Amino acid sequence: MKTPNIAVAERSHVGNYRAINEDAVLTAAPVFLVADGMGGHQAGALAAQTAVASFRETVAGFPALTQRVFEQALAYARQRVAKISASVEGIAGCTLSGVAVIAGESGYEWLVANIGDSRVYLLRDNKLSLITNDHSLLNEMLQAGYDISDPRLPKANIITRALGSDASQADLWRLEMELGDRLLICTDGLSGQLDESTLLEWLRRGSVELAADLLMETVLEGEAPDNVSVIVLEVATEGEFSEGELAQLQAALPLDFERRRREHLAKDVTP
């Protein structure tokens with residue numbers, strides 16, 4: 001089974017005003033995620049760290065995933081963050097957005113996932129597309145027909161879905177993977193400060209490392225009132241697999257996931 005070679009760069013910064021970075025980032029093929037924590041007394045940071053740790057401990061290092069196994073890992077993360085939320089006063093939760101490399105019937109695909117207002121963008125053929133849909137009250141009102149100038153519109157930071165809340169359902173998309181695809185995964189500390197023309201300008205520059213540096217430097221030169229986390233991915237070489245290899249992967253993944261999950265629970269370690 002030949003896996004695609006994916007170049008990756010990650011950056012995370014506390015921003016210009018916050019005292020604590022409540023974001024968490026995971027770049028461990030075949031999963032690439034950002035989580036934006038919400039809650040006082042570092043509860044948000046713990047929720048975000050726990051969410052990404054749930055994926056790191058159970059699926060990182062596999063050659064690829066299936067959608068079913070990704071959803072099992074997500075359910076595990078949801079369960080663990082809900083436990084944190086129930087143990088503290090007030091808010092404790094996080095957004096979760098990112099991609100996983102999955103083996104589909106016709107080849108490798110991106111599985112894009114989103115809960116909250118962190119985002120995933122795809123740069124393909126020099127065109128930048130926002131794949132995810134913000135789960136915010138502002139976005140929902142705009143989609144319902146409110147004008148952007150309406151004074152009744154709320155601030156963008158009122159989230160309608162998050163891990164640790166009653167509404168934690170993920171939106172999922174499957175996209176065919178193509179050579180040269182470049183993806184941007186980011187928290188709203190980036191997407192809320194830079195417009196899409198700026199994202200496009202820097203995302204297509206040079207290597208993924210350079211693109212990540214330019215994006216982070218640009219947002220920090222501005223107000224940067226929130227934590228900022230960025231992942232830039234690029235498909236450097238394509239992968240391939242046979243029908244037999246796909247069948248073997250589909251049979252082994254659920255068992256390997258459950259074994260890892262049980263081992264992690266037995267260790268009872270905090271992320």
# chains A, B, ... in the order shown; residues from 1 in each chain; ligands from 1
call {"tool": "select_by_dssp", "arguments": {"residues": "range 52-258 of chain A", "states": "strand (DSSP E)", "output": "MDAnalysis selection string"}}
result
chainID A and resid 93:94 96:104 107:115 119:124 127:130 171:176 182:186 228:237
call {"tool": "closest_residue", "arguments": {"among": "A:Val120, A:Leu183, A:Met1, A:Val14", "to": "Ala224 in chain A", "atoms": "only C-alpha atoms"}}
result
A:Val14
call {"tool": "residues_around", "arguments": {"residues": "Glu71 in chain A", "least_positions_apart": "6", "cutoff": "12 Å", "atoms": "only C-alpha atoms", "output": "PDB file with all heavy atoms, in the first residue's frame"}}
result
ATOM      1  N   SER A  54      -7.202  12.463  21.645  1.00  0.00           N
ATOM      2  CA  SER A  54      -8.057  11.301  21.384  1.00  0.00           C
ATOM      3  C   SER A  54      -7.776  10.724  20.000  1.00  0.00           C
ATOM      4  O   SER A  54      -7.802   9.498  19.811  1.00  0.00           O
ATOM      5  CB  SER A  54      -9.529  11.703  21.496  1.00  0.00           C
ATOM      6  OG  SER A  54      -9.816  12.187  22.794  1.00  0.00           O
ATOM      7  N   PHE A  55      -7.490  11.588  19.035  1.00  0.00           N
ATOM      8  CA  PHE A  55      -7.136  11.124  17.693  1.00  0.00           C
ATOM      9  C   PHE A  55      -5.694  10.630  17.651  1.00  0.00           C
ATOM     10  O   PHE A  55      -5.397   9.603  17.028  1.00  0.00           O
ATOM     11  CB  PHE A  55      -7.332  12.253  16.678  1.00  0.00           C
ATOM     12  CG  PHE A  55      -8.759  12.510  16.320  1.00  0.00           C
ATOM     13  CD1 PHE A  55      -9.539  13.367  17.087  1.00  0.00           C
ATOM     14  CD2 PHE A  55      -9.339  11.891  15.216  1.00  0.00           C
ATOM     15  CE1 PHE A  55     -10.860  13.616  16.770  1.00  0.00           C
ATOM     16  CE2 PHE A  55     -10.663  12.126  14.891  1.00  0.00           C
ATOM     17  CZ  PHE A  55     -11.432  12.983  15.660  1.00  0.00           C
ATOM     18  N   THR A  58      -5.349   7.117  19.082  1.00  0.00           N
ATOM     19  CA  THR A  58      -6.114   6.012  18.497  1.00  0.00           C
ATOM     20  C   THR A  58      -5.911   5.800  17.005  1.00  0.00           C
ATOM     21  O   THR A  58      -6.036   4.664  16.530  1.00  0.00           O
ATOM     22  CB  THR A  58      -7.624   6.198  18.752  1.00  0.00           C
ATOM     23  OG1 THR A  58      -8.057   7.455  18.204  1.00  0.00           O
ATOM     24  CG2 THR A  58      -7.942   6.142  20.242  1.00  0.00           C
ATOM     25  N   VAL A  59      -5.578   6.851  16.237  1.00  0.00           N
ATOM     26  CA  VAL A  59      -5.503   6.653  14.781  1.00  0.00           C
ATOM     27  C   VAL A  59      -4.236   7.202  14.133  1.00  0.00           C
ATOM     28  O   VAL A  59      -3.996   6.930  12.955  1.00  0.00           O
ATOM     29  CB  VAL A  59      -6.736   7.264  14.067  1.00  0.00           C
ATOM     30  CG1 VAL A  59      -8.008   6.552  14.506  1.00  0.00           C
ATOM     31  CG2 VAL A  59      -6.843   8.773  14.298  1.00  0.00           C
ATOM     32  N   LEU A  65      -7.290   6.087   6.859  1.00  0.00           N
ATOM     33  CA  LEU A  65      -8.459   5.729   7.649  1.00  0.00           C
ATOM     34  C   LEU A  65      -9.624   5.400   6.735  1.00  0.00           C
ATOM     35  O   LEU A  65      -9.555   5.587   5.521  1.00  0.00           O
ATOM     36  CB  LEU A  65      -8.856   6.885   8.579  1.00  0.00           C
ATOM     37  CG  LEU A  65      -7.841   7.347   9.610  1.00  0.00           C
ATOM     38  CD1 LEU A  65      -8.441   8.445  10.482  1.00  0.00           C
ATOM     39  CD2 LEU A  65      -7.350   6.193  10.473  1.00  0.00           C
ATOM     40  N   ALA A  77     -13.421  11.282  21.160  1.00  0.00           N
ATOM     41  CA  ALA A  77     -13.069  12.651  21.549  1.00  0.00           C
ATOM     42  C   ALA A  77     -14.274  13.355  22.169  1.00  0.00           C
ATOM     43  O   ALA A  77     -14.143  14.060  23.182  1.00  0.00           O
ATOM     44  CB  ALA A  77     -12.577  13.424  20.323  1.00  0.00           C
ATOM     45  N   ARG A  78     -15.426  13.193  21.577  1.00  0.00           N
ATOM     46  CA  ARG A  78     -16.648  13.822  22.096  1.00  0.00           C
ATOM     47  C   ARG A  78     -16.932  13.351  23.527  1.00  0.00           C
ATOM     48  O   ARG A  78     -17.265  14.160  24.412  1.00  0.00           O
ATOM     49  CB  ARG A  78     -17.826  13.486  21.182  1.00  0.00           C
ATOM     50  CG  ARG A  78     -19.155  14.086  21.641  1.00  0.00           C
ATOM     51  CD  ARG A  78     -20.289  13.693  20.714  1.00  0.00           C
ATOM     52  NE  ARG A  78     -20.151  14.312  19.404  1.00  0.00           N
ATOM     53  CZ  ARG A  78     -19.882  13.651  18.288  1.00  0.00           C
ATOM     54  NH1 ARG A  78     -19.712  12.323  18.314  1.00  0.00           N
ATOM     55  NH2 ARG A  78     -19.783  14.300  17.138  1.00  0.00           N
ATOM     56  N   ALA A 100      -8.767  14.141   7.322  1.00  0.00           N
ATOM     57  CA  ALA A 100      -8.116  12.839   7.435  1.00  0.00           C
ATOM     58  C   ALA A 100      -7.945  12.278   6.033  1.00  0.00           C
ATOM     59  O   ALA A 100      -8.784  12.513   5.154  1.00  0.00           O
ATOM     60  CB  ALA A 100      -8.947  11.882   8.288  1.00  0.00           C
ATOM     61  N   ILE A 102      -8.349   9.270   3.824  1.00  0.00           N
ATOM     62  CA  ILE A 102      -9.104   8.023   3.886  1.00  0.00           C
ATOM     63  C   ILE A 102      -8.943   7.243   2.585  1.00  0.00           C
ATOM     64  O   ILE A 102      -8.701   7.817   1.518  1.00  0.00           O
ATOM     65  CB  ILE A 102     -10.599   8.247   4.198  1.00  0.00           C
ATOM     66  CG1 ILE A 102     -11.295   9.014   3.080  1.00  0.00           C
ATOM     67  CG2 ILE A 102     -10.765   8.949   5.536  1.00  0.00           C
ATOM     68  CD1 ILE A 102     -12.807   9.028   3.250  1.00  0.00           C
ATOM     69  N   LEU A 111     -11.169  13.425   3.891  1.00  0.00           N
ATOM     70  CA  LEU A 111     -12.383  13.512   4.701  1.00  0.00           C
ATOM     71  C   LEU A 111     -12.252  14.782   5.527  1.00  0.00           C
ATOM     72  O   LEU A 111     -11.377  14.893   6.385  1.00  0.00           O
ATOM     73  CB  LEU A 111     -12.541  12.296   5.613  1.00  0.00           C
ATOM     74  CG  LEU A 111     -13.759  12.324   6.548  1.00  0.00           C
ATOM     75  CD1 LEU A 111     -15.058  12.319   5.751  1.00  0.00           C
ATOM     76  CD2 LEU A 111     -13.722  11.157   7.533  1.00  0.00           C
ATOM     77  N   VAL A 112     -13.093  15.759   5.233  1.00  0.00           N
ATOM     78  CA  VAL A 112     -13.073  17.041   5.928  1.00  0.00           C
ATOM     79  C   VAL A 112     -14.123  17.025   7.024  1.00  0.00           C
ATOM     80  O   VAL A 112     -15.261  16.597   6.796  1.00  0.00           O
ATOM     81  CB  VAL A 112     -13.351  18.205   4.950  1.00  0.00           C
ATOM     82  CG1 VAL A 112     -13.280  19.544   5.674  1.00  0.00           C
ATOM     83  CG2 VAL A 112     -12.372  18.168   3.773  1.00  0.00           C
ATOM     84  N   ALA A 113     -13.755  17.474   8.215  1.00  0.00           N
ATOM     85  CA  ALA A 113     -14.677  17.477   9.349  1.00  0.00           C
ATOM     86  C   ALA A 113     -14.687  18.848  10.007  1.00  0.00           C
ATOM     87  O   ALA A 113     -13.655  19.529  10.060  1.00  0.00           O
ATOM     88  CB  ALA A 113     -14.265  16.416  10.378  1.00  0.00           C
ATOM     89  N   ASN A 114     -15.857  19.246  10.501  1.00  0.00           N
ATOM     90  CA  ASN A 114     -15.944  20.538  11.188  1.00  0.00           C
ATOM     91  C   ASN A 114     -17.023  20.538  12.257  1.00  0.00           C
ATOM     92  O   ASN A 114     -18.148  20.095  12.028  1.00  0.00           O
ATOM     93  CB  ASN A 114     -16.247  21.659  10.190  1.00  0.00           C
ATOM     94  CG  ASN A 114     -16.323  23.010  10.873  1.00  0.00           C
ATOM     95  OD1 ASN A 114     -15.400  23.410  11.557  1.00  0.00           O
ATOM     96  ND2 ASN A 114     -17.448  23.696  10.713  1.00  0.00           N
ATOM     97  N   GLN A 169     -22.543  17.771  16.838  1.00  0.00           N
ATOM     98  CA  GLN A 169     -22.536  17.003  15.603  1.00  0.00           C
ATOM     99  C   GLN A 169     -21.550  17.609  14.610  1.00  0.00           C
ATOM    100  O   GLN A 169     -21.480  18.827  14.451  1.00  0.00           O
ATOM    101  CB  GLN A 169     -23.928  16.969  14.978  1.00  0.00           C
ATOM    102  CG  GLN A 169     -24.004  16.217  13.651  1.00  0.00           C
ATOM    103  CD  GLN A 169     -25.372  16.288  13.014  1.00  0.00           C
ATOM    104  OE1 GLN A 169     -26.308  16.838  13.603  1.00  0.00           O
ATOM    105  NE2 GLN A 169     -25.500  15.740  11.817  1.00  0.00           N
ATOM    106  N   ALA A 170     -20.810  16.761  13.920  1.00  0.00           N
ATOM    107  CA  ALA A 170     -19.840  17.230  12.930  1.00  0.00           C
ATOM    108  C   ALA A 170     -20.448  17.224  11.533  1.00  0.00           C
ATOM    109  O   ALA A 170     -21.232  16.344  11.182  1.00  0.00           O
ATOM    110  CB  ALA A 170     -18.606  16.339  12.939  1.00  0.00           C
ATOM    111  N   ASP A 171     -20.081  18.222  10.752  1.00  0.00           N
ATOM    112  CA  ASP A 171     -20.316  18.189   9.311  1.00  0.00           C
ATOM    113  C   ASP A 171     -19.141  17.465   8.675  1.00  0.00           C
ATOM    114  O   ASP A 171     -17.978  17.709   9.036  1.00  0.00           O
ATOM    115  CB  ASP A 171     -20.404  19.595   8.731  1.00  0.00           C
ATOM    116  CG  ASP A 171     -21.668  20.336   9.149  1.00  0.00           C
ATOM    117  OD1 ASP A 171     -22.655  19.666   9.534  1.00  0.00           O
ATOM    118  OD2 ASP A 171     -21.665  21.578   9.092  1.00  0.00           O
ATOM    119  N   LEU A 172     -19.425  16.583   7.717  1.00  0.00           N
ATOM    120  CA  LEU A 172     -18.384  15.816   7.036  1.00  0.00           C
ATOM    121  C   LEU A 172     -18.518  15.967   5.531  1.00  0.00           C
ATOM    122  O   LEU A 172     -19.637  15.981   5.002  1.00  0.00           O
ATOM    123  CB  LEU A 172     -18.471  14.329   7.405  1.00  0.00           C
ATOM    124  CG  LEU A 172     -18.312  13.960   8.888  1.00  0.00           C
ATOM    125  CD1 LEU A 172     -18.568  12.475   9.079  1.00  0.00           C
ATOM    126  CD2 LEU A 172     -16.921  14.326   9.394  1.00  0.00           C
ATOM    127  N   PRO A 254     -10.810  -1.158  12.309  1.00  0.00           N
ATOM    128  CA  PRO A 254     -11.673  -1.106  13.508  1.00  0.00           C
ATOM    129  C   PRO A 254     -11.075  -1.849  14.701  1.00  0.00           C
ATOM    130  O   PRO A 254     -11.194  -1.395  15.846  1.00  0.00           O
ATOM    131  CB  PRO A 254     -12.975  -1.763  13.025  1.00  0.00           C
ATOM    132  CG  PRO A 254     -12.966  -1.600  11.546  1.00  0.00           C
ATOM    133  CD  PRO A 254     -11.528  -1.715  11.148  1.00  0.00           C
ATOM    134  N   PHE A 257      -8.084   0.243  16.017  1.00  0.00           N
ATOM    135  CA  PHE A 257      -8.591   1.418  16.731  1.00  0.00           C
ATOM    136  C   PHE A 257      -9.065   1.043  18.122  1.00  0.00           C
ATOM    137  O   PHE A 257      -8.706   1.702  19.107  1.00  0.00           O
ATOM    138  CB  PHE A 257      -9.748   2.060  15.960  1.00  0.00           C
ATOM    139  CG  PHE A 257     -10.529   3.056  16.789  1.00  0.00           C
ATOM    140  CD1 PHE A 257     -10.065   4.346  16.974  1.00  0.00           C
ATOM    141  CD2 PHE A 257     -11.711   2.681  17.422  1.00  0.00           C
ATOM    142  CE1 PHE A 257     -10.755   5.248  17.756  1.00  0.00           C
ATOM    143  CE2 PHE A 257     -12.412   3.581  18.206  1.00  0.00           C
ATOM    144  CZ  PHE A 257     -11.932   4.868  18.382  1.00  0.00           C
TER     145      PHE A 257
END
call {"tool": "residues_around", "arguments": {"residues": "range 18-30 of chain A", "least_positions_apart": "2", "cutoff": "6 Å", "atoms": "only C-alpha atoms", "output": "PyMOL selection string"}}
result
chain A and resi 14+32-37+44-45+48-49+60-61+64+100-101+227
call {"tool": "select_by_dssp", "arguments": {"residues": "range 126-267 of chain A", "states": "alpha helix (DSSP H)", "output": "VMD selection string"}}
result
chain A and resid 137 to 143 188 to 191 196 to 203 208 to 221 243 to 267
call {"tool": "atom_distance", "arguments": {"atom1": "CA of Leu210 in chain A", "atom2": "CA of Lys2 in chain A"}}
result
27.3 Å
call {"tool": "residues_around", "arguments": {"residues": "Asp134 in chain A", "least_positions_apart": "4", "cutoff": "8 Å", "atoms": "only C-alpha atoms", "output": "JSON, numbers by chain"}}
result
{"A": [116, 117, 118, 119, 139]}
call {"tool": "atom_distance", "arguments": {"atom1": "CA of Thr160 in chain A", "atom2": "CA of Ile115 in chain A"}}
result
9.0 Å
call {"tool": "atom_distance", "arguments": {"atom1": "CA of Leu123 in chain A", "atom2": "CA of Leu203 in chain A"}}
result
7.9 Å
call {"tool": "residues_around", "arguments": {"residues": "Ala47 in chain A", "least_positions_apart": "5", "cutoff": "9 Å", "atoms": "only C-alpha atoms", "output": "PyMOL selection string"}}
result
chain A and resi 22+35-39+42+52+80-82+84-85+92-94+163-164
call {"tool": "closest_residue", "arguments": {"among": "A:Ser207, A:Thr132, A:Asn157, A:Thr66", "to": "Gly107 in chain A", "atoms": "only C-alpha atoms"}}
result
A:Thr66
call {"tool": "residues_around", "arguments": {"residues": "Pro4 in chain A", "least_positions_apart": "6", "cutoff": "12 Å", "atoms": "only C-alpha atoms", "output": "count of residues only"}}
result
25
call {"tool": "closest_residue", "arguments": {"among": "A:Ala266, A:Leu122, A:Val208, A:Leu214", "to": "Leu194 in chain A", "atoms": "only C-alpha atoms"}}
result
A:Leu214
call {"tool": "closest_residue", "arguments": {"among": "A:Leu215, A:Gly98, A:Gln72, A:Asp188", "to": "Glu201 in chain A", "atoms": "only C-alpha atoms"}}
result
A:Leu215
call {"tool": "closest_residue", "arguments": {"among": "A:Val8, A:Arg124, A:Gly90, A:Gly15", "to": "Thr218 in chain A", "atoms": "only C-alpha atoms"}}
result
A:Gly15
